[in-house]
Protein chains: 2
Amino acid sequence: MTSSFETFMSEHKPEIEDRLLNEVDELKVPSPLQEAMRYSLEAGGKRLRPLLLLATLDSFNKDVRKGYDVAAAIEMIHTYSLIHDDLPAMDDDHYRRGKLTNHKVYGEAVAILAGDALLTHSFKMVTQSNHLNDQERVWLVDHLSTAAGPEGMVGGQLADMEGENKQLTVDQLEYIHTHKTGELLAFSIEAGAYLAGATFEQRSLLERYAKNIGLAFQIKDDILDVEGNADLLGKPVGSDDENEKSTYPKLLTLEGAKEKMVSHIEEAKSYCQKAVPSPSFLLQLADYIMERKY
Amino acid sequence: MTSSFETFMSEHKPEIEDRLLNEVDELKVPSPLQEAMRYSLEAGGKRLRPLLLLATLDSFNKDVRKGYDVAAAIEMIHTYSLIHDDLPAMDDDHYRRGKLTNHKVYGEAVAILAGDALLTHSFKMVTQSNHLNDQERVWLVDHLSTAAGPEGMVGGQLADMEGENKQLTVDQLEYIHTHKTGELLAFSIEAGAYLAGATFEQRSLLERYAKNIGLAFQIKDDILDVEGNADLLGKPVGSDDENEKSTYPKLLTLEGAKEKMVSHIEEAKSYCQKAVPSPSFLLQLADYIMERKY
């Protein structure tokens, strides 16, 4: 693959975003629901999960278009999880990505339903994908529901909420993040590897890449909450402190957290280089996770 | 099929209930999430959707066990929808089936997550079913996500909430109920017909059966809210009136609503008799929908 990482991002990110919005625009549903779904889908964001899936396909020199629909489905699930996490009963956040959160604009009832709708519809994006055969569709729905479900993301969110106002250990913090954000990130890579026809050995090396970038991603989030720029983040900094959340900087000091992040990224990169024939974009995504400003 | 309808119900209902509870008990998840999921699944209920699916398989003289996992998945989705509908931001209900609603016991955050978990996991029940091949799994996930998603149940719930405190026409009321409750009831029958290998003609007749029992089901709900027994219902009567909801008795008078219900049941039965070789249980389910006390 000769194109640069920037070209790769600018070529494929709009494809995923168009797909998400077209999907919602084509629904025949009451307009407040459609608007609320669209609002959060077009709120921007890094589209990290879709890009990880596509970069994994690329790392095996495969046509990334095979993964477009699944990548969009993952982003749809990610978006639903943000809407529900922001609700007053959960994190009670008013801003995300510089915009009011979904329930601040549409009210709680519509926000809950928009989340439910995005979650449910994401599975349909997989079953409807023309780029996949039935065996692939079943595998993807099965693993996506595991990653996003009670043993994955939902369980992690619950553990996160239960951990508030408690002093957690680094191990407990890792449990939370491995589930809350790690599982869906890992699924993105796993799905790419599966669709690329990776060997068992390659998949297990990529699993370690995924686990390490997942943890690095979360440590970076915690660091940004301490020393990030509120304008770039699109939300206030210091909210972890305010919510008395356990974070890596608190448990390890800011310097300690940075060291841990760098070591996870280094480890991720070393597994990745062993795993795939063309690791370039996956390596650059690892760096991007560590260097991002939001 | 020689067994009676009562035997049929008492044989298969516990199978579905065991499956639902075992499924949750086997999850490795934080205990409040597991308890909250279990609480609502074991709160009882008519299990009407699973029974419709199994009765449809039976009406084609097929082994109903093929439908167990899908039937349980549908009930899981139905259960999630009740948890979310009861939330303070939605209908703000305190009791359901004689028990406190999920959020009254576990709090709103856990209730939202328990609903999300049940919804997500229901698709996994389909992909994991040993009774199905991949083509069937894909068809079922695809149609289930349509019935439960933005163009189905979720859209209906939104329209229902938007219709509160407004004077609706019978047509508007039908739109709401066709989506809010009708789609998932219809899917139960459609899935049974699909798994039984029904012809196009049979499926379209059963679709009309489904549409009519769906509407009769809702009219009966409205009637029970007027003249039902609160102890049997497990919730207060008169809540529609209190919430200023448009109902069939209000739009058509109580007698008019009853007539409309009977006519839908008669119509349903006539389509059903034309559709399938052994309609007995489907006919009895139609009567049961009309005569039920809760």
# chains A, B, ... in the order shown; residues from 1 in each chain; ligands from 1
$ interface_residues --of "chain B" --to "chain A" --cutoff "8 Å" --atoms "only C-alpha atoms" --output "VMD selection string"
chain B and resid 27 to 30 33 84 89 to 90 108 to 110 112 to 113 116 to 121 123 to 124 127 to 128 134 to 135 137 to 139 141 to 142 145 to 146 148 to 151 154 to 155 158 to 159
$ write_last_selection --atoms "N, CA and C atoms" --output "CSV table (one decimal), in the first residue's frame"
chain,number,residue,atom,x,y,z
B,27,LEU,N,-23.9,-15.5,32.2
B,27,LEU,CA,-23.1,-14.3,31.8
B,27,LEU,C,-22.1,-14.0,32.9
B,28,LYS,N,-20.9,-13.6,32.5
B,28,LYS,CA,-19.9,-13.1,33.5
B,28,LYS,C,-20.0,-11.6,33.4
B,29,VAL,N,-20.8,-11.1,34.3
B,29,VAL,CA,-21.0,-9.6,34.4
B,29,VAL,C,-21.1,-9.2,35.8
B,30,PRO,N,-20.9,-7.9,36.0
B,30,PRO,CA,-21.1,-7.3,37.4
B,30,PRO,C,-22.5,-7.7,37.9
B,33,LEU,N,-25.9,-5.8,37.4
B,33,LEU,CA,-26.4,-5.9,36.0
B,33,LEU,C,-27.2,-7.2,35.8
B,84,HIS,N,-37.3,0.1,29.6
B,84,HIS,CA,-37.0,1.5,29.2
B,84,HIS,C,-38.3,2.3,29.2
B,89,ALA,N,-38.2,9.2,32.6
B,89,ALA,CA,-38.3,10.1,31.5
B,89,ALA,C,-39.3,9.6,30.4
B,90,MET,N,-39.8,8.4,30.6
B,90,MET,CA,-40.8,7.8,29.6
B,90,MET,C,-42.1,7.8,30.3
B,108,GLU,N,-32.1,4.2,38.1
B,108,GLU,CA,-32.2,4.5,36.7
B,108,GLU,C,-31.0,4.0,35.8
B,109,ALA,N,-29.8,4.3,36.3
B,109,ALA,CA,-28.7,3.9,35.5
B,109,ALA,C,-28.6,2.5,35.3
B,110,VAL,N,-28.8,1.6,36.3
B,110,VAL,CA,-28.7,0.2,36.1
B,110,VAL,C,-29.9,-0.3,35.2
B,112,ILE,N,-31.4,1.4,32.8
B,112,ILE,CA,-31.0,1.7,31.4
B,112,ILE,C,-30.1,0.7,30.8
B,113,LEU,N,-29.0,0.4,31.6
B,113,LEU,CA,-28.0,-0.6,31.2
B,113,LEU,C,-28.6,-2.0,31.1
B,116,ASP,N,-30.3,-2.1,27.8
B,116,ASP,CA,-29.3,-2.1,26.7
B,116,ASP,C,-28.7,-3.5,26.6
B,117,ALA,N,-28.4,-4.1,27.7
B,117,ALA,CA,-27.8,-5.4,27.7
B,117,ALA,C,-28.7,-6.5,27.2
B,118,LEU,N,-30.0,-6.4,27.6
B,118,LEU,CA,-31.0,-7.4,27.1
B,118,LEU,C,-31.2,-7.3,25.6
B,119,LEU,N,-31.3,-6.0,25.1
B,119,LEU,CA,-31.4,-5.8,23.7
B,119,LEU,C,-30.2,-6.4,22.9
B,120,THR,N,-29.0,-6.0,23.4
B,120,THR,CA,-27.8,-6.4,22.6
B,120,THR,C,-27.7,-8.0,22.6
B,121,HIS,N,-27.9,-8.5,23.8
B,121,HIS,CA,-27.7,-10.0,23.9
B,121,HIS,C,-28.8,-10.8,23.2
B,123,PHE,N,-29.7,-10.6,20.2
B,123,PHE,CA,-29.2,-10.9,18.9
B,123,PHE,C,-28.2,-12.1,18.9
B,124,LYS,N,-27.5,-12.1,20.0
B,124,LYS,CA,-26.6,-13.2,20.2
B,124,LYS,C,-27.3,-14.6,20.4
B,127,THR,N,-27.8,-15.8,16.9
B,127,THR,CA,-26.6,-16.2,16.2
B,127,THR,C,-26.1,-17.5,16.9
B,128,GLN,N,-26.3,-17.7,18.2
B,128,GLN,CA,-25.8,-18.9,18.9
B,128,GLN,C,-26.7,-20.1,18.8
B,134,ASP,N,-27.0,-20.7,9.0
B,134,ASP,CA,-26.6,-19.3,8.9
B,134,ASP,C,-27.6,-18.5,8.1
B,135,GLN,N,-28.2,-19.0,7.1
B,135,GLN,CA,-29.2,-18.3,6.3
B,135,GLN,C,-30.4,-17.9,7.2
B,137,ARG,N,-30.3,-17.6,10.5
B,137,ARG,CA,-29.8,-16.7,11.5
B,137,ARG,C,-29.8,-15.3,11.0
B,138,VAL,N,-29.3,-15.1,9.8
B,138,VAL,CA,-29.2,-13.8,9.2
B,138,VAL,C,-30.6,-13.2,8.9
B,139,TRP,N,-31.5,-14.1,8.4
B,139,TRP,CA,-32.9,-13.6,8.1
B,139,TRP,C,-33.5,-13.1,9.4
B,141,VAL,N,-32.1,-12.2,12.4
B,141,VAL,CA,-31.5,-11.0,13.0
B,141,VAL,C,-32.0,-9.8,12.2
B,142,ASP,N,-32.0,-9.9,10.9
B,142,ASP,CA,-32.4,-8.8,10.0
B,142,ASP,C,-33.8,-8.4,10.3
B,145,SER,N,-34.4,-7.0,13.9
B,145,SER,CA,-33.9,-5.6,14.1
B,145,SER,C,-34.8,-4.6,13.5
B,146,THR,N,-35.5,-5.0,12.4
B,146,THR,CA,-36.5,-4.1,11.8
B,146,THR,C,-37.7,-4.0,12.7
B,148,ALA,N,-37.9,-4.4,15.9
B,148,ALA,CA,-37.7,-3.8,17.2
B,148,ALA,C,-37.1,-2.4,17.0
B,149,GLY,N,-36.6,-2.1,15.9
B,149,GLY,CA,-35.8,-0.8,15.7
B,149,GLY,C,-36.6,0.4,15.4
B,150,PRO,N,-35.9,1.4,14.8
B,150,PRO,CA,-36.5,2.7,14.6
B,150,PRO,C,-37.8,2.7,13.7
B,151,GLU,N,-37.8,1.8,12.7
B,151,GLU,CA,-39.0,1.7,11.9
B,151,GLU,C,-40.1,0.8,12.5
B,154,VAL,N,-39.4,0.9,18.4
B,154,VAL,CA,-38.8,2.2,18.9
B,154,VAL,C,-39.5,3.4,18.3
B,155,GLY,N,-39.8,3.4,17.0
B,155,GLY,CA,-40.6,4.5,16.4
B,155,GLY,C,-42.0,4.6,17.0
B,158,LEU,N,-41.9,6.2,20.4
B,158,LEU,CA,-41.7,7.6,20.2
B,158,LEU,C,-43.0,8.3,19.9
B,159,ALA,N,-43.7,7.7,18.9
B,159,ALA,CA,-45.0,8.3,18.4
B,159,ALA,C,-46.0,8.3,19.6
$ closest_atom_pairs --of "segment 44-135 of chain B" --to "segment 184-194 of chain B" --cutoff "7 Å" --atoms "only C-alpha atoms" --output "Markdown table"
| residue | atom | partner | partner_atom | distance |
| --- | --- | --- | --- | --- |
| B:Arg49 | CA | B:Ser188 | CA | 5.7 |
| B:Pro50 | CA | B:Ser188 | CA | 6.8 |
| B:Leu52 | CA | B:Ile189 | CA | 5.9 |
| B:Leu53 | CA | B:Ser188 | CA | 4.7 |
| B:Leu54 | CA | B:Gly192 | CA | 6.6 |
| B:Thr56 | CA | B:Gly192 | CA | 5.2 |
| B:Leu57 | CA | B:Gly192 | CA | 5.1 |
$ select_by_dssp --residues "segment 107-288 of chain B" --states "helix (DSSP H, G or I)" --output "PyMOL selection string"
chain B and resi 108-127+134-148+153-162+170-195+200-227+230-233+239-242+248-275+280-288
$ residues_around --residues "segment 205-221 of chain B" --least-positions-apart "5" --cutoff "9 Å" --atoms "only C-alpha atoms" --output "PyMOL selection string"
chain B and resi 174+177-178+181-183+185-190+193+200+226+247-249+257-258+260-272+274-276+286+289-292+294
$ residues_around --residues "segment 16-21 of chain B" --least-positions-apart "4" --cutoff "8 Å" --atoms "only C-alpha atoms" --output "MDAnalysis selection string"
chainID B and resid 12 25 38 41:42 50 68:69 71:72 76
$ residues_around --residues "Gly234 of chain B" --least-positions-apart "3" --cutoff "9 Å" --atoms "only C-alpha atoms" --output "ChimeraX atom specification"
/B:95-99,229-231,294
$ atom_distance --atom1 "atom CA of Phe60 of chain A" --atom2 "atom CA of Gln273 of chain A"
11.8 Å
$ residues_around --residues "Leu285 of chain B" --least-positions-apart "2" --cutoff "9 Å" --atoms "only C-alpha atoms" --output "NGL selection string"
:B and (5 or 48 or 51-52 or 55 or 280-283 or 287-290)
$ atom_distance --atom1 "atom CA of Glu259 of chain B" --atom2 "atom CA of Asp222 of chain B"
13.2 Å
$ decode --residues "segment 119-133 of chain A" --atoms "N, CA and C atoms" --output "mmCIF file, in the first residue's frame"
data_model
loop_
_atom_site.group_PDB
_atom_site.id
_atom_site.type_symbol
_atom_site.label_atom_id
_atom_site.label_comp_id
_atom_site.auth_asym_id
_atom_site.auth_seq_id
_atom_site.Cartn_x
_atom_site.Cartn_y
_atom_site.Cartn_z
ATOM 1 N N LEU A 119 -28.630 1.344 18.382
ATOM 2 C CA LEU A 119 -28.138 0.017 18.760
ATOM 3 C C LEU A 119 -28.827 -1.073 17.938
ATOM 4 N N THR A 120 -30.139 -1.012 17.891
ATOM 5 C CA THR A 120 -30.888 -2.057 17.181
ATOM 6 C C THR A 120 -30.553 -2.054 15.692
ATOM 7 N N HIS A 121 -30.496 -0.847 15.129
ATOM 8 C CA HIS A 121 -30.286 -0.748 13.692
ATOM 9 C C HIS A 121 -28.874 -1.157 13.266
ATOM 10 N N SER A 122 -27.932 -1.042 14.170
ATOM 11 C CA SER A 122 -26.550 -1.386 13.811
ATOM 12 C C SER A 122 -26.448 -2.849 13.345
ATOM 13 N N PHE A 123 -27.227 -3.712 13.961
ATOM 14 C CA PHE A 123 -27.163 -5.125 13.557
ATOM 15 C C PHE A 123 -27.727 -5.313 12.153
ATOM 16 N N LYS A 124 -28.706 -4.494 11.830
ATOM 17 C CA LYS A 124 -29.276 -4.557 10.486
ATOM 18 C C LYS A 124 -28.273 -4.096 9.429
ATOM 19 N N MET A 125 -27.402 -3.172 9.792
ATOM 20 C CA MET A 125 -26.378 -2.747 8.837
ATOM 21 C C MET A 125 -25.468 -3.921 8.476
ATOM 22 N N VAL A 126 -25.244 -4.801 9.424
ATOM 23 C CA VAL A 126 -24.418 -5.973 9.148
ATOM 24 C C VAL A 126 -25.176 -6.981 8.284
ATOM 25 N N THR A 127 -26.419 -7.280 8.660
ATOM 26 C CA THR A 127 -27.157 -8.294 7.893
ATOM 27 C C THR A 127 -27.458 -7.813 6.473
ATOM 28 N N GLN A 128 -27.547 -6.502 6.289
ATOM 29 C CA GLN A 128 -27.876 -5.952 4.973
ATOM 30 C C GLN A 128 -26.652 -5.707 4.089
ATOM 31 N N SER A 129 -25.466 -5.889 4.632
ATOM 32 C CA SER A 129 -24.274 -5.551 3.849
ATOM 33 C C SER A 129 -24.093 -6.475 2.648
ATOM 34 N N ASN A 130 -23.973 -5.871 1.476
ATOM 35 C CA ASN A 130 -23.779 -6.648 0.244
ATOM 36 C C ASN A 130 -22.365 -7.182 0.093
ATOM 37 N N HIS A 131 -21.471 -6.690 0.925
ATOM 38 C CA HIS A 131 -20.076 -7.108 0.802
ATOM 39 C C HIS A 131 -19.779 -8.389 1.567
ATOM 40 N N LEU A 132 -20.780 -8.924 2.247
ATOM 41 C CA LEU A 132 -20.540 -10.065 3.132
ATOM 42 C C LEU A 132 -21.390 -11.263 2.743
ATOM 43 N N ASN A 133 -20.897 -12.465 3.044
ATOM 44 C CA ASN A 133 -21.758 -13.644 2.906
ATOM 45 C C ASN A 133 -22.404 -13.970 4.259
#
